[in-house]
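The data block below is final_38.csv; it holds CSV, C-alpha atoms.
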chain,number,residue,atom,x,y,z
A,1,MET,CA,-39.1,-28.2,-1.7
A,2,LEU,CA,-39.1,-26.5,1.6
A,3,ASP,CA,-39.2,-23.0,0.0
A,4,ARG,CA,-42.3,-24.0,-1.9
A,5,LEU,CA,-43.9,-25.5,1.2
A,6,ALA,CA,-43.0,-22.4,3.3
A,7,ARG,CA,-44.6,-20.2,0.8
A,8,ARG,CA,-47.9,-22.0,1.5
A,9,GLN,CA,-47.6,-21.9,5.2
A,10,CYS,CA,-49.3,-18.6,5.9
A,11,ALA,CA,-52.7,-18.0,4.4
A,12,THR,CA,-55.0,-15.2,5.2
A,13,SER,CA,-58.3,-16.3,6.7
A,14,ARG,CA,-61.3,-14.1,6.6
A,15,SER,CA,-63.7,-16.5,8.2
A,16,GLY,CA,-64.4,-17.8,11.6
A,17,SER,CA,-65.1,-15.9,14.8
A,18,ALA,CA,-62.0,-16.1,17.0
A,19,ALA,CA,-59.8,-16.3,13.9
A,20,LYS,CA,-61.5,-13.6,11.9
A,21,GLY,CA,-58.9,-11.7,10.0
A,22,ALA,CA,-56.2,-13.9,11.4
A,23,ILE,CA,-53.2,-15.2,9.4
A,24,LYS,CA,-53.4,-18.9,9.7
A,25,VAL,CA,-50.3,-21.1,9.5
A,26,ALA,CA,-51.1,-24.2,7.7
A,27,ALA,CA,-49.3,-27.4,8.8
A,28,THR,CA,-46.7,-28.5,6.3
A,29,VAL,CA,-44.5,-31.5,6.0
A,30,ASP,CA,-41.0,-31.7,4.6
A,31,ALA,CA,-41.2,-35.3,3.5
A,32,GLY,CA,-37.4,-35.7,3.1
A,33,ALA,CA,-36.7,-34.7,6.7
A,34,ALA,CA,-40.0,-35.9,8.1
A,35,LEU,CA,-40.2,-32.5,9.9
A,36,ARG,CA,-43.5,-30.8,10.3
A,37,ILE,CA,-43.8,-27.1,11.1
A,38,ARG,CA,-47.2,-26.1,12.4
A,39,PRO,CA,-48.9,-23.7,14.8
A,40,ALA,CA,-48.6,-24.7,18.4
A,41,LEU,CA,-51.6,-26.4,20.1
A,42,ALA,CA,-52.5,-26.4,23.8
A,43,ALA,CA,-51.4,-30.0,23.9
A,44,ASP,CA,-47.9,-29.0,22.9
A,45,VAL,CA,-47.3,-26.7,25.9
A,46,PRO,CA,-45.9,-29.5,28.2
A,47,SER,CA,-43.5,-30.5,25.5
A,48,VAL,CA,-42.4,-26.9,25.0
A,49,ILE,CA,-41.9,-26.5,28.7
A,50,ALA,CA,-39.8,-29.7,28.7
A,51,LEU,CA,-37.8,-28.6,25.6
A,52,ASP,CA,-37.1,-25.2,27.3
A,53,GLU,CA,-36.0,-26.9,30.5
A,54,GLU,CA,-33.7,-29.2,28.5
A,55,VAL,CA,-32.1,-26.2,26.8
A,56,THR,CA,-32.0,-23.7,29.7
A,57,GLY,CA,-31.9,-26.0,32.7
A,58,LEU,CA,-34.9,-24.1,34.2
A,59,ALA,CA,-38.5,-25.1,34.1
A,60,LYS,CA,-40.9,-22.2,33.5
A,61,PRO,CA,-44.4,-23.7,33.2
A,62,VAL,CA,-46.2,-20.5,34.2
A,63,TYR,CA,-44.3,-18.5,31.6
A,64,TRP,CA,-44.9,-20.9,28.8
A,65,ARG,CA,-48.6,-21.3,29.5
A,66,ASP,CA,-49.0,-17.6,29.5
A,67,MET,CA,-47.0,-17.4,26.2
A,68,PHE,CA,-49.2,-19.9,24.6
A,69,GLU,CA,-52.3,-18.1,25.8
A,70,ARG,CA,-51.1,-14.8,24.4
A,71,TYR,CA,-49.4,-16.0,21.2
A,72,GLY,CA,-50.8,-19.3,20.4
A,73,ALA,CA,-54.4,-19.6,21.5
A,74,ARG,CA,-56.0,-16.4,20.4
A,75,GLY,CA,-55.3,-16.6,16.7
A,76,ARG,CA,-54.2,-13.0,16.5
A,77,LYS,CA,-53.0,-12.2,13.0
A,78,GLU,CA,-49.8,-10.5,14.1
A,79,ARG,CA,-48.6,-13.2,16.6
A,80,PHE,CA,-47.0,-16.6,15.7
A,81,PHE,CA,-46.2,-19.5,17.9
A,82,LEU,CA,-44.9,-22.4,15.7
A,83,VAL,CA,-43.5,-25.8,16.6
A,84,ALA,CA,-41.3,-28.2,14.7
A,85,GLU,CA,-42.5,-31.8,15.1
A,86,ARG,CA,-40.7,-35.0,14.0
A,87,GLN,CA,-42.4,-38.3,14.5
A,88,ASP,CA,-44.7,-37.0,17.2
A,89,ARG,CA,-41.7,-35.4,19.1
A,90,LEU,CA,-41.3,-31.7,19.5
A,91,ASP,CA,-37.9,-30.7,18.1
A,92,GLY,CA,-38.2,-26.9,18.1
A,93,VAL,CA,-40.2,-23.8,18.7
A,94,VAL,CA,-40.3,-20.3,17.5
A,95,ILE,CA,-42.3,-17.3,18.7
A,96,GLY,CA,-42.7,-13.9,17.2
A,97,GLU,CA,-45.0,-11.1,16.3
A,98,THR,CA,-45.2,-8.0,14.2
A,99,ARG,CA,-44.9,-4.7,16.1
A,100,ALA,CA,-45.3,-1.2,14.8
A,101,TRP,CA,-43.9,2.2,15.9
A,102,GLU,CA,-42.0,1.0,19.0
A,103,PHE,CA,-38.8,2.9,19.1
A,104,GLY,CA,-40.1,4.9,16.1
A,105,SER,CA,-39.8,1.8,13.9
A,106,PRO,CA,-42.2,1.1,11.1
A,107,PRO,CA,-44.0,-2.3,11.4
A,108,CYS,CA,-41.5,-5.1,11.5
A,109,GLY,CA,-41.3,-8.8,12.6
A,110,TRP,CA,-39.8,-9.6,16.0
A,111,ILE,CA,-38.5,-13.1,16.8
A,112,PHE,CA,-38.2,-13.3,20.6
A,113,ALA,CA,-37.8,-17.0,21.2
A,114,ILE,CA,-36.3,-19.9,19.2
A,115,GLN,CA,-35.2,-23.2,20.6
A,116,VAL,CA,-34.2,-26.5,19.0
A,117,ARG,CA,-33.7,-29.7,20.9
A,118,PRO,CA,-29.9,-30.1,21.4
A,119,LYS,CA,-29.9,-33.6,19.8
A,120,GLY,CA,-31.8,-32.2,16.8
A,121,ARG,CA,-29.4,-29.4,16.0
A,122,LEU,CA,-27.4,-28.9,12.8
A,123,LYS,CA,-30.2,-30.7,10.9
A,124,GLY,CA,-32.0,-27.7,9.6
A,125,VAL,CA,-34.8,-27.5,12.2
A,126,GLY,CA,-33.9,-24.0,13.2
A,127,THR,CA,-33.7,-22.9,9.6
A,128,GLN,CA,-37.1,-24.3,8.8
A,129,LEU,CA,-38.6,-22.6,11.9
A,130,PHE,CA,-36.9,-19.3,10.9
A,131,ASN,CA,-38.1,-19.6,7.3
A,132,ALA,CA,-41.7,-20.4,8.4
A,133,ILE,CA,-42.0,-17.5,10.8
A,134,CYS,CA,-40.4,-15.2,8.2
A,135,ASP,CA,-43.0,-16.3,5.7
A,136,CYS,CA,-45.7,-15.4,8.3
A,137,PHE,CA,-44.1,-12.0,8.6
A,138,ARG,CA,-44.1,-11.5,4.9
A,139,LYS,CA,-47.8,-12.5,4.8
A,140,ALA,CA,-48.4,-9.9,7.5
A,141,GLY,CA,-46.9,-7.3,5.2
A,142,VAL,CA,-43.6,-6.6,6.9
A,143,VAL,CA,-40.2,-6.6,5.3
A,144,ASN,CA,-37.8,-6.4,8.2
A,145,VAL,CA,-37.2,-9.0,10.9
A,146,ARG,CA,-35.5,-8.3,14.2
A,147,THR,CA,-34.4,-10.1,17.3
A,148,MET,CA,-32.4,-9.3,20.4
A,149,LEU,CA,-30.0,-11.6,22.2
A,150,ALA,CA,-27.5,-11.6,25.1
A,151,ARG,CA,-24.0,-11.0,23.8
A,152,ASP,CA,-22.9,-14.3,25.3
A,153,SER,CA,-25.6,-16.3,23.5
A,154,THR,CA,-23.0,-17.3,21.0
A,155,THR,CA,-24.9,-20.4,19.6
A,156,VAL,CA,-28.1,-18.5,18.9
A,157,LEU,CA,-26.2,-15.4,17.7
A,158,SER,CA,-24.4,-17.6,15.2
A,159,PHE,CA,-27.6,-19.2,14.1
A,160,PHE,CA,-29.2,-15.9,13.3
A,161,ARG,CA,-26.0,-14.7,11.6
A,162,SER,CA,-26.1,-17.8,9.5
A,163,GLN,CA,-29.7,-16.8,8.4
A,164,GLY,CA,-28.3,-13.6,7.0
A,165,MET,CA,-29.2,-11.3,10.0
A,166,VAL,CA,-26.8,-8.5,10.8
A,167,ALA,CA,-26.6,-5.7,13.3
A,168,GLY,CA,-29.5,-3.3,12.9
A,169,PRO,CA,-29.9,0.4,13.3
A,170,PHE,CA,-30.8,0.2,17.0
A,171,ILE,CA,-28.7,0.0,20.1
A,172,GLU,CA,-30.0,-1.5,23.3
A,173,LEU,CA,-29.3,0.5,26.4
A,174,GLU,CA,-30.1,-0.2,30.1
A,175,THR,CA,-29.4,0.9,33.6
A,176,THR,CA,-29.6,-0.5,37.1
A,177,LEU,CA,-32.1,1.3,39.3
A,178,ASP,CA,-30.8,2.4,42.7
B,1,MET,CA,-11.3,-1.3,14.6
B,2,LYS,CA,-8.2,-2.3,12.8
B,3,LEU,CA,-6.8,-5.8,12.8
B,4,GLN,CA,-3.1,-6.5,12.6
B,5,LYS,CA,-1.6,-7.5,9.3
B,6,ALA,CA,-1.0,-11.1,10.3
B,7,THR,CA,-4.7,-11.4,11.4
B,8,CYS,CA,-6.0,-10.0,8.1
B,9,PHE,CA,-3.7,-12.3,6.1
B,10,ALA,CA,-5.0,-15.3,8.2
B,11,LEU,CA,-8.6,-14.4,7.5
B,12,PHE,CA,-8.0,-13.9,3.8
B,13,ALA,CA,-6.2,-17.3,3.6
B,14,VAL,CA,-8.8,-19.2,5.7
B,15,LEU,CA,-11.7,-17.8,3.7
B,16,GLU,CA,-9.9,-18.4,0.4
B,17,LEU,CA,-9.2,-22.0,1.3
B,18,ALA,CA,-12.6,-22.7,3.0
B,19,ALA,CA,-14.4,-21.6,-0.2
B,20,ASP,CA,-13.5,-25.0,-1.6
B,21,SER,CA,-12.1,-27.3,1.1
B,22,THR,CA,-11.2,-30.0,-1.5
B,23,ARG,CA,-8.8,-27.6,-3.2
B,24,GLN,CA,-5.1,-27.3,-2.3
B,25,LEU,CA,-3.5,-23.9,-2.9
B,26,ALA,CA,0.1,-22.9,-2.8
B,27,ALA,CA,0.9,-20.1,-0.4
B,28,ALA,CA,2.2,-18.2,-3.5
B,29,GLU,CA,-1.3,-18.4,-5.2
B,30,ILE,CA,-3.0,-16.9,-2.1
B,31,ALA,CA,-0.2,-14.2,-1.7
B,32,ASP,CA,-0.6,-13.2,-5.4
B,33,LYS,CA,-4.4,-13.0,-5.3
B,34,TYR,CA,-4.4,-10.7,-2.2
B,35,GLY,CA,-1.2,-8.9,-2.8
B,36,ILE,CA,0.4,-10.3,0.4
B,37,SER,CA,4.0,-10.8,1.2
B,38,LEU,CA,4.7,-14.5,0.6
B,39,HIS,CA,7.2,-14.6,3.5
B,40,HIS,CA,4.6,-13.1,5.9
B,41,LEU,CA,1.8,-15.3,4.6
B,42,ALA,CA,3.9,-18.5,4.9
B,43,LYS,CA,4.5,-17.8,8.6
B,44,VAL,CA,0.7,-17.1,9.1
B,45,LEU,CA,-0.2,-20.4,7.3
B,46,ARG,CA,2.2,-22.3,9.5
B,47,ASP,CA,0.4,-20.9,12.6
B,48,LEU,CA,-2.9,-21.8,11.1
B,49,ALA,CA,-1.6,-25.4,10.4
B,50,ARG,CA,-0.4,-25.7,14.0
B,51,ALA,CA,-3.9,-24.8,15.1
B,52,GLY,CA,-5.4,-27.4,12.8
B,53,ILE,CA,-7.3,-24.9,10.7
B,54,VAL,CA,-5.4,-25.7,7.6
B,55,GLU,CA,-3.4,-28.7,6.5
B,56,SER,CA,-0.2,-28.6,4.4
B,57,ALA,CA,0.8,-31.0,1.8
B,58,ARG,CA,4.5,-31.2,0.7
B,59,GLY,CA,5.9,-31.9,-2.7
B,60,VAL,CA,4.8,-31.1,-6.3
B,61,GLY,CA,1.2,-30.0,-6.3
B,62,GLY,CA,1.4,-29.5,-2.6
B,63,GLY,CA,0.0,-26.5,-0.8
B,64,TYR,CA,-2.6,-25.8,1.8
B,65,ARG,CA,-6.1,-27.0,2.3
B,66,PHE,CA,-8.8,-25.9,4.7
B,67,ALA,CA,-9.2,-28.5,7.6
B,68,GLY,CA,-11.6,-26.9,9.9
B,69,ASN,CA,-15.4,-27.2,10.4
B,70,PRO,CA,-16.7,-24.1,8.6
B,71,LYS,CA,-20.0,-24.2,10.6
B,72,ARG,CA,-18.1,-24.2,13.9
B,73,LEU,CA,-15.0,-22.2,13.3
B,74,THR,CA,-15.6,-18.5,14.0
B,75,LEU,CA,-13.8,-15.4,13.0
B,76,MET,CA,-12.8,-15.1,16.7
B,77,ASP,CA,-11.1,-18.5,16.6
B,78,VAL,CA,-8.8,-17.3,13.8
B,79,ILE,CA,-8.3,-13.8,15.2
B,80,GLU,CA,-7.3,-14.9,18.7
B,81,LEU,CA,-4.5,-16.9,17.3
B,82,PHE,CA,-2.8,-13.7,16.2
B,83,GLU,CA,-3.9,-10.9,18.5
B,84,PRO,CA,-5.9,-10.1,21.6
B,85,ILE,CA,-9.1,-8.2,20.9
B,86,GLU,CA,-9.1,-5.4,23.5
B,87,SER,CA,-8.8,-1.8,23.6
B,88,ASP,CA,-5.2,-0.6,23.5
B,89,ARG,CA,-6.2,3.1,23.3
B,90,ILE,CA,-5.5,3.5,26.9
B,91,ASP,CA,-2.5,1.6,28.2
B,92,ARG,CA,-3.4,-0.3,31.3
B,93,ASP,CA,0.0,0.6,32.7
B,94,ASP,CA,-0.5,4.3,32.0
B,95,PRO,CA,-1.0,6.0,35.3
B,96,ARG,CA,-3.6,8.2,33.7
B,97,GLY,CA,-5.7,5.1,33.3
B,98,SER,CA,-6.3,4.9,37.1
B,99,THR,CA,-7.8,8.4,37.2
B,100,ASP,CA,-11.5,9.0,37.2
B,101,VAL,CA,-11.4,10.1,33.6
B,102,GLY,CA,-9.2,7.2,32.6
B,103,ARG,CA,-11.6,4.7,34.2
B,104,ALA,CA,-14.6,6.3,32.6
B,105,LEU,CA,-12.9,6.2,29.2
B,106,ARG,CA,-11.9,2.6,29.8
B,107,ARG,CA,-15.5,1.7,30.5
B,108,VAL,CA,-16.7,3.2,27.2
B,109,LEU,CA,-13.9,1.5,25.3
B,110,ASP,CA,-14.6,-1.8,27.0
B,111,GLU,CA,-18.2,-1.6,25.9
B,112,ILE,CA,-17.1,-1.2,22.3
B,113,ASP,CA,-14.7,-4.2,22.7
B,114,GLU,CA,-17.5,-6.4,24.1
B,115,HIS,CA,-19.6,-5.7,21.0
B,116,ALA,CA,-16.6,-6.5,18.8
B,117,LEU,CA,-16.0,-9.8,20.6
B,118,ALA,CA,-19.6,-10.9,20.4
B,119,THR,CA,-19.6,-10.1,16.7
B,120,PHE,CA,-16.4,-12.0,15.9
B,121,ARG,CA,-17.6,-14.9,18.1
B,122,SER,CA,-20.9,-15.2,16.3
B,123,ILE,CA,-19.8,-15.2,12.7
B,124,THR,CA,-18.7,-18.6,11.4
B,125,ILE,CA,-16.6,-19.2,8.3
B,126,SER,CA,-19.7,-20.7,6.7
B,127,THR,CA,-21.6,-17.5,7.4
B,128,MET,CA,-18.7,-15.4,6.0
B,129,LEU,CA,-18.7,-17.4,2.8
B,130,LYS,CA,-22.4,-16.6,2.4
B,131,ILE,CA,-21.6,-12.9,2.8
B,132,VAL,CA,-18.9,-13.2,0.2
B,133,ASP,CA,-21.4,-14.8,-2.2
B,134,GLN,CA,-23.8,-12.0,-1.6
B,135,ARG,CA,-21.2,-9.4,-2.8
B,136,PRO,CA,-23.2,-7.0,-5.0
B,137,TRP,CA,-20.1,-5.6,-6.7
B,138,SER,CA,-19.2,-8.8,-8.6
B,139,SER,CA,-22.4,-10.0,-10.1
B,140,ALA,CA,-25.5,-8.5,-11.7
B,141,ILE,CA,-28.7,-8.5,-9.7
B,142,GLY,CA,-30.2,-12.0,-9.6
B,143,GLU,CA,-27.1,-13.6,-11.0
B,144,ARG,CA,-25.9,-16.5,-8.9
B,145,THR,CA,-22.3,-16.7,-7.9
B,146,PRO,CA,-20.2,-19.7,-8.9
B,147,ARG,CA,-20.6,-21.2,-5.4
B,148,GLN,CA,-24.3,-20.7,-5.4
B,149,ARG,CA,-24.5,-22.3,-8.9
B,150,ALA,CA,-22.5,-25.3,-7.7
B,151,ALA,CA,-24.5,-25.7,-4.5
B,152,ARG,CA,-27.9,-25.4,-6.2
B,153,GLY,CA,-27.3,-27.0,-9.5

Whole structure given in structure tokens:
Amino acid sequence: MLDRLARRQCATSRSGSAAKGAIKVAATVDAGAALRIRPALAADVPSVIALDEEVTGLAKPVYWRDMFERYGARGRKERFFLVAERQDRLDGVVIGETRAWEFGSPPCGWIFAIQVRPKGRLKGVGTQLFNAICDCFRKAGVVNVRTMLARDSTTVLSFFRSQGMVAGPFIELETTLD
Amino acid sequence: MKLQKATCFALFAVLELAADSTRQLAAAEIADKYGISLHHLAKVLRDLARAGIVESARGVGGGYRFAGNPKRLTLMDVIELFEPIESDRIDRDDPRGSTDVGRALRRVLDEIDEHALATFRSITISTMLKIVDQRPWSSAIGERTPRQRAARG
């Protein structure tokens, strides 16, 4: 059932001013799990901040308001800010976008944030968020999805591995400036 | 990277047993399937049982059964029972290791080890079984494997 719902989540919209040409994510409900995946609204931002603080132990209100402004509010067709909601409680969030030609790469989807409320884990919330944003990427015309994680983020690494993700063709390098 | 024999045998045994956690298999059945020395495998299975990853049942029809949580147990959990994952290409006691070249080589090899550790820590038995099911060499394109068929009806 989820697969069928997920296929309907992203629909190309060619009308409206701010959202002209945007890919809209239609709200869907998985009745069995009573979990709803939908685009984030401005009213969700406080809950997203609280969820992030619960997961990371650090409140970052300025960062999340800016993220919503850039990825959620403007309705750009290549940016996706989705939330998982169960009984009016925010259980998870995923953010990503399609990027082209960075590092010489053809267009691909990037997931750069995914969080699930600790008490809501191992119930498929992350998988549904992942499937939903992948469907958005498909609708945007890309076939590869990437993410980047700290080596010691074992839980999130395991999650993405469980979704079939494997090491890609790029290697991240960095240095410390003097 | 090359894992020691005991580690490989343990991974084969764990993945074989975890493929159906309700099934009990004799050590000889696993040894036959993978061409492993029964004597060596028996010792490995005892170590896995001591760690609570498999359970043994004695008597007729006895054998071993997977007892871990496949969504929690990682490849690293199994590997570290049998060997440390670290570079042994430069012996830490080798005096050449304390030279500038030795330290530089150690730094590069440690970088490789850190990637290996992160990889082993992030792959659960459940994820490994999905990879096994994706094997392209055993089924035609689009054909579901027995486990996929059982899971999806």

Measure the distance from CA of Thr127 in chain B to CA of Asp20 in chain B in Å and round it to one decimal. 14.2 Å

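Nearest to Pro70 in chain B of all the residues A:Gln87, A:Thr98, A:Ser162, A:Thr176 is A:Ser162, counting all atoms listed in the file.
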
Between chain A and chain B, at 6 Å or less, what are the per-residue closest atom pairs and their distances in Å? Count all atoms listed in the file, order by chain and rising residue number, and return it as a Markdown table.
| residue | atom | partner | partner_atom | distance |
| --- | --- | --- | --- | --- |
| A:Arg151 | CA | B:Ala118 | CA | 5.6 |
| A:Thr154 | CA | B:Ser122 | CA | 5.6 |
| A:Leu157 | CA | B:Ser122 | CA | 5.5 |
| A:Ser158 | CA | B:Ser122 | CA | 4.4 |
| A:Ser162 | CA | B:Thr127 | CA | 5.0 |

May I have the residues within 12 Å of Phe160 in chain A as a PyMOL selection string, using all atoms listed in the file and disregarding those fewer than 2 positions away in the same chain? (chain A and resi 111-115+126-127+129-131+145-149+153-158+162-167) or (chain B and resi 119+122-124+127)

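Using all atoms listed in the file for every distance, the candidate list A:Asp44, A:Glu97, A:Asp88, A:Glu174 yields A:Glu97 as the residue closest to Ile133 in chain A.
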
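Going from CA of Ala27 in chain B over to CA of Pro84 in chain B, you cover 25.1 Å.
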
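Between CA of Asp178 in chain A and CA of Ser98 in chain B there is a distance of 25.3 Å.
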
Given all atoms listed in the file as the basis, pick out the residue of B:Ala28, B:Ala104, B:Leu75, B:Ile36 nearest to Phe9 in chain B. B:Ile36
